[in-house]
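**Student:** Contents are mmCIF, C-alpha atoms and all ligand atoms; file name query22.cif:
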```
data_protein
loop_
_atom_site.label_atom_id
_atom_site.label_comp_id
_atom_site.auth_asym_id
_atom_site.auth_seq_id
_atom_site.Cartn_x
_atom_site.Cartn_y
_atom_site.Cartn_z
CA SER M 87 21.28 -4.11 15.72
CA PHE M 88 17.50 -4.01 15.74
CA LEU M 89 17.30 -6.50 12.90
CA LYS M 90 19.29 -9.06 14.88
CA MET M 91 16.71 -8.91 17.63
CA GLY M 92 14.56 -11.11 15.43
CA LYS M 93 11.39 -12.25 17.07
CA GLU M 94 12.19 -10.77 20.48
CA PRO M 95 9.68 -7.98 21.06
CA ILE M 96 10.93 -4.42 20.65
CA ARG M 97 9.83 -1.94 23.30
CA VAL M 98 8.52 1.29 21.80
CA LEU M 99 7.76 4.28 24.02
CA VAL M 100 5.17 6.84 22.93
CA THR M 101 4.90 9.87 25.20
CA GLY M 102 1.75 11.99 25.09
CA ALA M 103 0.04 8.76 24.10
CA ALA M 104 -3.44 9.93 25.17
CA GLY M 105 -3.25 12.87 22.75
CA GLN M 106 -4.33 13.08 19.14
CA ILE M 107 -1.07 12.05 17.49
CA GLY M 108 -0.80 9.23 20.01
CA TYR M 109 -4.26 7.98 19.08
CA ALA M 110 -3.27 7.82 15.40
CA LEU M 111 0.24 6.51 16.03
CA VAL M 112 -0.14 3.59 18.45
CA PRO M 113 -2.36 1.48 16.15
CA MET M 114 0.10 2.07 13.29
CA ILE M 115 2.97 0.80 15.43
CA ALA M 116 0.93 -2.15 16.68
CA ARG M 117 0.09 -3.10 13.07
CA GLY M 118 3.73 -3.15 12.01
CA VAL M 119 3.72 0.06 9.97
CA MET M 120 6.84 1.25 11.81
CA LEU M 121 8.91 -1.93 12.28
CA GLY M 122 7.48 -4.29 9.72
CA PRO M 123 4.94 -7.13 9.66
CA ASP M 124 7.11 -9.67 11.54
CA GLN M 125 8.33 -7.66 14.49
CA PRO M 126 6.54 -8.18 17.82
CA ILE M 127 6.09 -4.99 19.85
CA ILE M 128 5.60 -4.03 23.48
CA LEU M 129 4.12 -0.54 23.67
CA HIS M 130 5.04 1.79 26.52
CA LEU M 131 2.53 4.63 26.77
CA LEU M 132 3.22 7.70 28.89
CA ASP M 133 0.94 10.61 29.65
CA ILE M 134 0.35 12.90 32.61
CA GLU M 135 -2.09 12.55 35.50
CA PRO M 136 -4.97 14.63 33.99
CA ALA M 137 -4.93 12.26 30.99
CA ALA M 138 -4.52 9.04 32.97
CA GLU M 139 -8.08 7.84 32.45
CA ALA M 140 -8.01 8.60 28.72
CA LEU M 141 -4.70 6.74 28.52
CA GLU M 142 -6.31 3.73 30.18
CA GLY M 143 -9.01 3.93 27.49
CA VAL M 144 -6.38 3.81 24.74
CA LYS M 145 -4.88 0.74 26.39
CA MET M 146 -8.33 -0.91 26.47
CA GLU M 147 -8.79 -0.23 22.75
CA LEU M 148 -5.35 -1.64 21.95
CA ILE M 149 -6.26 -4.85 23.78
CA ASP M 150 -9.64 -4.90 22.01
CA SER M 151 -7.92 -4.63 18.62
CA ALA M 152 -6.21 -8.02 19.13
CA PHE M 153 -3.20 -6.92 17.09
CA PRO M 154 -1.17 -10.06 16.36
CA LEU M 155 2.17 -8.24 16.81
CA LEU M 156 1.29 -6.60 20.11
CA GLU M 157 2.75 -8.55 23.05
CA GLY M 158 2.10 -6.07 25.81
CA VAL M 159 1.05 -2.56 26.77
CA VAL M 160 2.55 -0.59 29.65
CA ALA M 161 0.34 2.47 30.19
CA THR M 162 1.61 4.75 32.92
CA THR M 163 2.04 8.28 34.23
CA ASP M 164 5.38 7.31 35.79
CA VAL M 165 8.16 8.50 33.48
CA ILE M 166 10.70 6.04 34.88
CA LYS M 167 8.43 3.05 34.38
CA ALA M 168 7.65 4.35 30.88
CA CYS M 169 11.32 4.58 29.89
CA GLU M 170 12.39 1.23 31.38
CA GLY M 171 14.22 -0.81 28.73
CA VAL M 172 12.77 0.98 25.68
CA ASP M 173 14.54 0.47 22.34
CA ILE M 174 12.74 3.29 20.54
CA ALA M 175 11.27 6.45 22.06
CA ILE M 176 8.78 8.60 20.17
CA MET M 177 8.47 11.81 22.13
CA VAL M 178 5.08 13.34 21.35
CA GLY M 179 4.20 14.57 24.85
CA GLY M 180 3.75 18.30 25.16
CA PHE M 181 1.35 21.03 24.18
CA PRO M 182 0.38 21.85 20.60
CA ARG M 183 0.07 25.41 19.30
CA LYS M 184 -3.30 26.95 18.47
CA GLU M 185 -4.35 29.01 15.46
CA GLY M 186 -2.27 32.18 15.06
CA MET M 187 0.69 30.98 17.17
CA GLU M 188 4.21 30.14 15.99
CA ARG M 189 5.56 26.77 17.13
CA LYS M 190 8.15 28.39 19.35
CA GLU M 191 5.38 29.98 21.43
CA VAL M 192 4.98 26.63 23.21
CA MET M 193 8.71 26.75 24.03
CA SER M 194 8.60 27.42 27.72
CA LYS M 195 6.07 24.68 28.56
CA ASN M 196 7.58 22.05 26.31
CA THR M 197 11.36 22.45 26.73
CA SER M 198 11.01 21.93 30.50
CA ILE M 199 9.35 18.56 29.77
CA TYR M 200 12.32 17.55 27.60
CA LYS M 201 14.85 18.57 30.22
CA ALA M 202 13.05 16.39 32.79
CA GLN M 203 12.56 13.39 30.48
CA ALA M 204 16.19 13.49 29.26
CA SER M 205 17.47 12.02 32.50
CA ALA M 206 14.75 9.35 32.67
CA LEU M 207 15.73 8.18 29.17
CA GLU M 208 19.42 8.40 29.98
CA GLN M 209 19.07 6.23 33.07
CA HIS M 210 16.34 3.78 32.11
CA ALA M 211 16.11 3.30 28.33
CA ALA M 212 17.91 0.39 26.64
CA GLU M 213 21.45 1.03 25.53
CA ASN M 214 21.46 2.45 22.00
CA CYS M 215 17.80 3.55 22.24
CA LYS M 216 16.77 5.55 19.17
CA ILE M 217 14.91 8.75 20.05
CA LEU M 218 12.58 10.76 17.81
CA VAL M 219 11.22 14.08 19.11
CA VAL M 220 7.89 15.11 17.59
CA ALA M 221 6.57 17.67 20.09
CA ASN M 222 7.16 21.30 19.19
CA PRO M 223 9.42 23.14 18.97
CA ALA M 224 10.77 19.80 17.77
CA ASN M 225 14.39 20.73 16.95
CA THR M 226 14.88 22.69 20.16
CA ASN M 227 13.19 20.06 22.34
CA ALA M 228 15.60 17.52 20.83
CA LEU M 229 18.50 19.88 21.51
CA ILE M 230 17.49 20.22 25.16
CA LEU M 231 17.08 16.45 25.43
CA LYS M 232 20.59 15.99 23.97
CA GLU M 233 22.18 18.55 26.28
CA PHE M 234 20.54 17.18 29.42
CA ALA M 235 21.28 13.55 28.55
CA PRO M 236 25.00 13.79 27.80
CA SER M 237 25.58 10.03 28.01
CA ILE M 238 23.12 9.29 25.17
CA PRO M 239 25.11 9.32 21.91
CA GLU M 240 24.18 12.36 19.80
CA LYS M 241 23.52 10.14 16.82
CA ASN M 242 20.61 8.54 18.71
CA ILE M 243 18.67 11.81 19.11
CA THR M 244 16.66 13.11 16.16
CA CYS M 245 13.60 15.23 15.48
CA LEU M 246 10.81 14.89 12.96
CA THR M 247 10.97 16.78 9.65
CA GLN M 248 9.79 13.80 7.60
CA LEU M 249 6.32 15.36 7.76
CA ASP M 250 7.62 18.46 5.98
CA HIS M 251 9.52 16.20 3.57
CA ASN M 252 6.30 14.30 2.80
CA ARG M 253 4.40 17.56 2.38
CA ALA M 254 6.99 18.68 -0.19
CA LEU M 255 6.68 15.36 -2.06
CA GLY M 256 2.89 15.74 -1.96
CA GLN M 257 2.96 19.25 -3.43
CA ILE M 258 5.19 18.18 -6.35
CA SER M 259 3.04 15.11 -6.95
CA GLU M 260 -0.15 17.20 -7.02
CA ARG M 261 1.38 19.83 -9.30
CA LEU M 262 2.64 17.27 -11.85
CA ASN M 263 -0.20 14.83 -11.37
CA VAL M 264 2.21 11.93 -10.81
CA PRO M 265 2.10 9.29 -8.04
CA VAL M 266 3.87 10.58 -4.95
CA ARG M 267 6.03 7.43 -4.81
CA ASP M 268 7.75 8.58 -8.02
CA VAL M 269 8.93 11.87 -6.52
CA LYS M 270 12.34 11.61 -4.82
CA ASN M 271 15.02 13.60 -3.07
CA VAL M 272 13.38 16.80 -1.98
CA ILE M 273 15.18 18.26 1.03
CA ILE M 274 13.97 20.01 4.15
CA TRP M 275 16.77 22.13 5.57
CA GLY M 276 16.75 23.52 9.09
CA ASN M 277 13.99 24.08 11.59
CA HIS M 278 10.55 22.43 11.71
CA SER M 279 9.09 25.95 11.63
CA SER M 280 8.01 28.54 9.09
CA THR M 281 11.70 29.32 8.33
CA GLN M 282 12.39 25.77 7.10
CA TYR M 283 13.75 25.63 3.56
CA PRO M 284 12.05 23.05 1.33
CA ASP M 285 14.58 22.61 -1.52
CA VAL M 286 13.74 21.02 -4.89
CA ASN M 287 17.07 21.70 -6.60
CA HIS M 288 18.10 18.03 -6.38
CA ALA M 289 14.63 16.50 -6.58
CA THR M 290 13.67 14.12 -9.37
CA VAL M 291 10.60 12.36 -10.74
CA ILE M 292 10.58 8.88 -12.23
CA THR M 293 8.76 9.14 -15.57
CA SER M 294 8.19 6.69 -18.42
CA ASN M 295 11.19 8.40 -20.07
CA GLY M 296 13.47 7.87 -17.06
CA LYS M 297 14.42 10.04 -14.14
CA LYS M 298 13.89 13.79 -14.67
CA PRO M 299 14.82 16.78 -12.50
CA VAL M 300 11.81 18.50 -10.94
CA ARG M 301 13.22 21.82 -12.22
CA GLU M 302 12.98 20.48 -15.76
CA LEU M 303 9.41 19.20 -15.37
CA ILE M 304 8.16 22.33 -13.60
CA ALA M 305 9.44 25.29 -15.56
CA ASP M 306 7.46 27.78 -13.47
CA ASP M 307 10.21 29.32 -11.30
CA TYR M 308 7.76 31.59 -9.51
CA TRP M 309 5.82 28.57 -8.30
CA LEU M 310 8.95 26.65 -7.25
CA ASN M 311 10.81 29.55 -5.62
CA SER M 312 7.91 31.15 -3.91
CA GLN M 313 4.52 29.42 -3.74
CA PHE M 314 5.78 25.88 -3.21
CA ILE M 315 8.14 26.97 -0.44
CA ALA M 316 5.47 29.02 1.33
CA THR M 317 2.89 26.24 1.07
CA VAL M 318 5.20 23.69 2.71
CA GLN M 319 6.38 26.18 5.35
CA GLN M 320 2.80 27.08 6.24
CA ARG M 321 1.17 23.67 5.90
CA GLY M 322 1.04 23.02 9.65
CA ALA M 323 -0.78 26.33 10.16
CA ALA M 324 -3.16 25.56 7.27
CA ILE M 325 -4.10 22.24 8.90
CA ILE M 326 -4.74 23.95 12.24
CA LYS M 327 -6.93 26.54 10.52
CA ALA M 328 -8.94 23.83 8.75
CA ARG M 329 -9.20 21.26 11.56
CA LYS M 330 -8.96 23.56 14.57
CA LEU M 331 -6.43 20.94 15.71
CA SER M 332 -2.89 20.34 14.55
CA SER M 333 -1.99 17.59 12.11
CA ALA M 334 -2.19 14.12 13.57
CA LEU M 335 -2.60 11.33 11.02
CA SER M 336 0.12 12.76 8.76
CA ALA M 337 2.39 13.39 11.76
CA ALA M 338 1.91 9.82 12.98
CA GLY M 339 2.57 8.42 9.50
CA ALA M 340 5.72 10.52 9.17
CA ALA M 341 6.98 9.33 12.56
CA CYS M 342 6.61 5.73 11.32
CA ASP M 343 8.43 6.61 8.08
CA HIS M 344 11.26 8.25 10.04
CA ILE M 345 11.88 5.25 12.30
CA ARG M 346 11.43 2.71 9.49
CA ASN M 347 14.01 4.52 7.32
CA TRP M 348 16.41 4.81 10.26
CA VAL M 349 16.17 1.16 11.32
CA PHE M 350 15.84 -0.56 7.92
CA GLY M 351 17.77 1.93 5.76
CA THR M 352 16.88 4.24 2.89
CA PRO M 353 16.56 2.78 -0.62
CA LYS M 354 19.65 3.12 -2.82
CA GLY M 355 19.94 6.51 -4.50
CA THR M 356 17.34 8.21 -2.33
CA TRP M 357 17.51 10.23 0.82
CA VAL M 358 15.08 11.53 3.43
CA SER M 359 15.10 14.55 5.75
CA MET M 360 15.78 14.24 9.48
CA GLY M 361 16.55 16.71 12.21
CA VAL M 362 19.98 15.59 13.46
CA CYS M 363 22.90 17.03 15.38
CA SER M 364 24.95 19.19 13.01
CA ASP M 365 28.61 18.23 12.60
CA GLY M 366 29.27 21.44 10.66
CA SER M 367 28.21 19.99 7.30
CA TYR M 368 27.12 22.68 4.82
CA GLY M 369 28.49 25.32 7.20
CA ILE M 370 25.75 24.79 9.79
CA GLN M 371 26.79 25.57 13.38
CA PRO M 372 27.85 22.28 15.01
CA GLY M 373 25.60 21.03 17.81
CA LEU M 374 22.34 22.51 16.51
CA ILE M 375 19.60 19.99 15.70
CA TYR M 376 19.11 20.89 12.04
CA SER M 377 17.22 19.06 9.31
CA PHE M 378 19.54 17.66 6.64
CA PRO M 379 19.18 15.20 3.77
CA VAL M 380 20.32 11.85 5.20
CA THR M 381 20.73 8.29 4.05
CA CYS M 382 20.50 5.43 6.54
CA GLN M 383 22.30 2.12 6.63
CA ASN M 384 22.73 -0.47 9.40
CA GLY M 385 20.63 1.59 11.77
CA GLU M 386 22.72 4.75 11.39
CA TRP M 387 22.01 7.97 9.52
CA SER M 388 24.60 9.99 7.68
CA ILE M 389 24.29 13.44 6.16
CA VAL M 390 24.39 13.45 2.35
CA GLN M 391 27.60 15.26 1.40
CA GLY M 392 28.71 17.28 -1.59
CA LEU M 393 25.40 18.72 -2.82
CA LYS M 394 25.85 21.98 -4.76
CA ILE M 395 24.28 24.89 -2.91
CA ASN M 396 23.40 28.02 -4.86
CA GLU M 397 23.14 31.52 -3.45
CA PHE M 398 19.35 31.38 -3.06
CA SER M 399 19.61 28.16 -1.04
CA ARG M 400 22.57 29.40 1.02
CA GLU M 401 20.61 32.38 2.24
CA LYS M 402 17.58 30.29 3.20
CA MET M 403 19.69 27.61 4.92
CA ASP M 404 21.44 30.27 7.00
CA GLU M 405 18.21 32.02 7.90
CA THR M 406 16.69 28.88 9.42
CA ALA M 407 20.01 28.09 11.21
CA LYS M 408 19.91 31.57 12.71
CA GLU M 409 16.41 30.95 14.03
CA LEU M 410 17.60 27.69 15.63
CA ALA M 411 20.49 29.47 17.36
CA GLU M 412 17.99 32.04 18.68
CA GLU M 413 15.60 29.30 19.83
CA LYS M 414 18.46 27.68 21.73
CA GLU M 415 19.08 30.95 23.60
CA LEU M 416 15.37 31.33 24.28
CA ALA M 417 15.07 27.74 25.55
CA TYR M 418 17.91 28.24 28.00
CA SER M 419 16.44 31.51 29.24
CA CYS M 420 13.04 29.81 29.79
CA LEU M 421 14.70 26.96 31.71
CA LYS M 422 16.62 29.48 33.82
CA ASP M 423 13.45 31.45 34.63
CA GLN M 424 11.79 28.22 35.74
CA ALA M 425 14.75 27.25 37.91
CA ASN M 426 14.53 30.66 39.58
CA GLY M 427 10.80 30.15 40.16
P1 LIG M 501 -2.32 16.69 22.17
O1 LIG M 501 -2.49 17.84 23.09
O2 LIG M 501 -3.51 16.07 21.53
O3 LIG M 501 -1.52 15.52 22.91
C1 LIG M 501 -0.36 15.75 23.65
C2 LIG M 501 -0.39 14.83 24.85
O4 LIG M 501 0.83 15.04 25.58
C3 LIG M 501 -1.56 15.11 25.81
O5 LIG M 501 -2.27 13.91 26.06
C4 LIG M 501 -0.86 15.62 27.06
O6 LIG M 501 -1.53 15.23 28.26
C5 LIG M 501 0.48 14.92 26.94
N1 LIG M 501 1.54 15.49 27.77
C6 LIG M 501 1.71 16.76 28.20
N2 LIG M 501 2.77 16.86 28.99
C7 LIG M 501 3.32 15.64 29.06
C8 LIG M 501 4.44 15.09 29.75
N3 LIG M 501 5.20 15.85 30.53
N4 LIG M 501 4.70 13.78 29.59
C9 LIG M 501 3.92 13.00 28.83
N5 LIG M 501 2.84 13.46 28.18
C10 LIG M 501 2.55 14.74 28.28
O7 LIG M 501 -1.26 17.17 21.06
P2 LIG M 501 -0.92 16.47 19.67
O8 LIG M 501 -1.76 17.07 18.62
O9 LIG M 501 -0.86 15.01 19.83
O10 LIG M 501 0.56 17.05 19.43
C11 LIG M 501 1.63 16.70 20.27
C12 LIG M 501 2.86 17.55 19.95
O11 LIG M 501 3.37 17.24 18.66
C13 LIG M 501 2.58 19.06 19.93
O12 LIG M 501 3.68 19.74 20.53
C14 LIG M 501 2.49 19.37 18.45
O13 LIG M 501 2.76 20.73 18.17
C15 LIG M 501 3.57 18.46 17.91
N6 LIG M 501 3.54 18.15 16.47
C16 LIG M 501 4.73 18.03 15.82
C17 LIG M 501 4.78 17.66 14.48
C18 LIG M 501 6.09 17.53 13.76
O14 LIG M 501 6.07 17.32 12.54
N7 LIG M 501 7.25 17.63 14.38
C19 LIG M 501 3.59 17.41 13.81
C20 LIG M 501 2.37 17.53 14.49
C21 LIG M 501 2.36 17.90 15.83
C1 LIG M 502 2.75 20.48 11.94
O1 LIG M 502 3.69 20.81 11.22
O2 LIG M 502 1.65 20.12 11.49
C2 LIG M 502 2.95 20.47 13.43
O3 LIG M 502 4.22 20.98 13.76
C3 LIG M 502 1.87 21.17 14.16
C4 LIG M 502 1.96 22.65 14.01
O4 LIG M 502 1.87 23.34 15.03
O5 LIG M 502 2.10 23.14 12.88
#
```
As structure tokens - that is how I would like this structure written.
Ligand code: NAD
Ligand code: LMR
**Tutor:**
Amino acid sequence: SFLKMGKEPIRVLVTGAAGQIGYALVPMIARGVMLGPDQPIILHLLDIEPAAEALEGVKMELIDSAFPLLEGVVATTDVIKACEGVDIAIMVGGFPRKEGMERKEVMSKNTSIYKAQASALEQHAAENCKILVVANPANTNALILKEFAPSIPEKNITCLTQLDHNRALGQISERLNVPVRDVKNVIIWGNHSSTQYPDVNHATVITSNGKKPVRELIADDYWLNSQFIATVQQRGAAIIKARKLSSALSAAGAACDHIRNWVFGTPKGTWVSMGVCSDGSYGIQPGLIYSFPVTCQNGEWSIVQGLKINEFSREKMDETAKELAEEKELAYSCLKDQANG
């Protein structure tokens, strides 16, 4: 396990490392935000030729930061060199959407990257490498990576919905004016897209009078069933509108949260959301990369079982699953068009 590796450095790959998420993420990793304050790191940074000089600049700044945990930086445009021996791969490389686009509009450009990088990871990453796909469309890129790297165990391939999970926690915290750390067990079901279903039916808040259901503390059903859901679904677009760039510091922070939870485990009684390969739980088509509530222990995630699903939730969970099945079709048709020139 990762924990047994002790003081041996862990090799962490960040693709798209010269981009904006990369710029926020690599210092977090080098400071121990992802793997803790005692774990030495070797960073592998990959980008493409047009960004090679900028990537070199990032490497210079990492050296200039004199991070005590950082034992080396491999900055390269060679995907094989980048993947060599990595224990964790954070796949950020790709193209972000612009204002007015849906995330799946970057499908054709980005899925072809994931098809190509699947084999590099399969052949050159460390055995049992944990992979987190961040680049959009995140679930479908992870699906393509899984299907084109059949020897990587499915359980090692995930996509990021922790950002949506954190956004949901943040909205509840703001509404109730309580610290965000006291809000627990929201769920993001499905796709990291505007059809995702942020579900508060099992969420709780720790109060001075004990743990209370969010539905008891917020009696406003209109807000919970409509405004809250729309705000979380549309938060990525709202950030793009405000910044003219997509989210970066919150995405980087969520990527650290995702890996930290996966490697070190989730606290007792709480779960997080992760895009993982469906095993048919909650009636979701097996094989899709779908966001579920998961707990983690000993470096492995498992889907939280037995949650009661009402009719409202059922409909929303199926709607986002349907979009993922359609995205899968679309991804394969894009890859086929590219193969045919
Ligand atoms: P960016 O354009 O600033 O950076 C992306 C970097 O990837 C660029 O430096 C680019 O040169 C590089 N790149 C392109 N093709 C590559 C390849 N084949 N191999 C390696 N690197 C490659 O974009 P960003 O704002 O950092 O966002 C990156 C991706 O993450 C986008 O797809 C964005 O939509 C997505 N995103 C996802 C989430 C999430 O929660 N899942 C959150 C925010 C952003
Ligand atoms: C986000 O959720 O912020 C990212 O997926 C970027 C985007 O395009 O919305």
**Student:** For ligand LIG 502 (chain M), list the contacting residues at 7 Å or closer, counting all atoms listed in the file, as a list in words.
**Tutor:**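 For ligand LIG 502 (chain M), the residues inside 7 Å are Pro182, Arg183, Arg189, Asn222, Leu249, Asp250, His278, Arg321, Gly322, Ala323, Ile325, Ile326, Ser332, Ser333 and Ala337 of chain M.
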**Student:** Any idea what's packed within 10 Å of region 139-154 of chain M, counting all atoms listed in the file, ignoring anything in its chain fewer than 4 positions away? Could you give it as a PDB file with C-alpha atoms, keeping the file's coordinate frame?
**Tutor:**
```pdb
ATOM      1  CA  GLY M 102       1.750  11.990  25.090  1.00  0.00           C
ATOM      2  CA  ALA M 103       0.040   8.760  24.100  1.00  0.00           C
ATOM      3  CA  ALA M 104      -3.440   9.930  25.170  1.00  0.00           C
ATOM      4  CA  GLY M 105      -3.250  12.870  22.750  1.00  0.00           C
ATOM      5  CA  GLY M 108      -0.800   9.230  20.010  1.00  0.00           C
ATOM      6  CA  TYR M 109      -4.260   7.980  19.080  1.00  0.00           C
ATOM      7  CA  VAL M 112      -0.140   3.590  18.450  1.00  0.00           C
ATOM      8  CA  PRO M 113      -2.360   1.480  16.150  1.00  0.00           C
ATOM      9  CA  ALA M 116       0.930  -2.150  16.680  1.00  0.00           C
ATOM     10  CA  ARG M 117       0.090  -3.100  13.070  1.00  0.00           C
ATOM     11  CA  GLY M 118       3.730  -3.150  12.010  1.00  0.00           C
ATOM     12  CA  PRO M 123       4.940  -7.130   9.660  1.00  0.00           C
ATOM     13  CA  ASP M 124       7.110  -9.670  11.540  1.00  0.00           C
ATOM     14  CA  GLN M 125       8.330  -7.660  14.490  1.00  0.00           C
ATOM     15  CA  PRO M 126       6.540  -8.180  17.820  1.00  0.00           C
ATOM     16  CA  ILE M 127       6.090  -4.990  19.850  1.00  0.00           C
ATOM     17  CA  LEU M 129       4.120  -0.540  23.670  1.00  0.00           C
ATOM     18  CA  HIS M 130       5.040   1.790  26.520  1.00  0.00           C
ATOM     19  CA  LEU M 131       2.530   4.630  26.770  1.00  0.00           C
ATOM     20  CA  LEU M 132       3.220   7.700  28.890  1.00  0.00           C
ATOM     21  CA  ASP M 133       0.940  10.610  29.650  1.00  0.00           C
ATOM     22  CA  ILE M 134       0.350  12.900  32.610  1.00  0.00           C
ATOM     23  CA  GLU M 135      -2.090  12.550  35.500  1.00  0.00           C
ATOM     24  CA  GLY M 158       2.100  -6.070  25.810  1.00  0.00           C
ATOM     25  CA  VAL M 159       1.050  -2.560  26.770  1.00  0.00           C
ATOM     26  CA  VAL M 160       2.550  -0.590  29.650  1.00  0.00           C
ATOM     27  CA  ALA M 161       0.340   2.470  30.190  1.00  0.00           C
ATOM     28  CA  THR M 162       1.610   4.750  32.920  1.00  0.00           C
ATOM     29  CA  THR M 163       2.040   8.280  34.230  1.00  0.00           C
TER      30      THR M 163
END
```
**Student:** Can you work out which one of M:Gly373, M:Gln320, M:Lys167, M:Val269 has the shortest atom-to-atom distance to Val300 (chain M), counting all atoms listed in the file?
**Tutor:** M:Val269
**Student:** If you take every atom of ligand LIG 501 (chain M) that the file lists and fit an axis-aligned box around them with 4 Å extra on each side, what centre and edge lengths come out in Å to one decimal, as AutoDock Vina command-line options?
**Tutor:**
```
--center_x 1.9 --center_y 16.9 --center_z 21.5 --size_x 18.8 --size_y 15.7 --size_z 26.0
```
**Student:** Between atom C4 of ligand LIG 501 (chain M) and CA of Lys201 (chain M), what distance in Å does the model show, to one decimal?
**Tutor:** 16.3 Å
**Student:** May I ask for the distance between atom O10 of ligand LIG 501 (chain M) and CA of Met360 (chain M), given in Å to one decimal place?
**Tutor:** 18.4 Å
**Student:** Give me, as a ChimeraX atom specification, all polymer residues having an atom no more than 6 Å from region 388-391 of chain M, counting all atoms listed in the file and skipping those fewer than 6 positions away in the same chain.
**Tutor:** /M:379-381
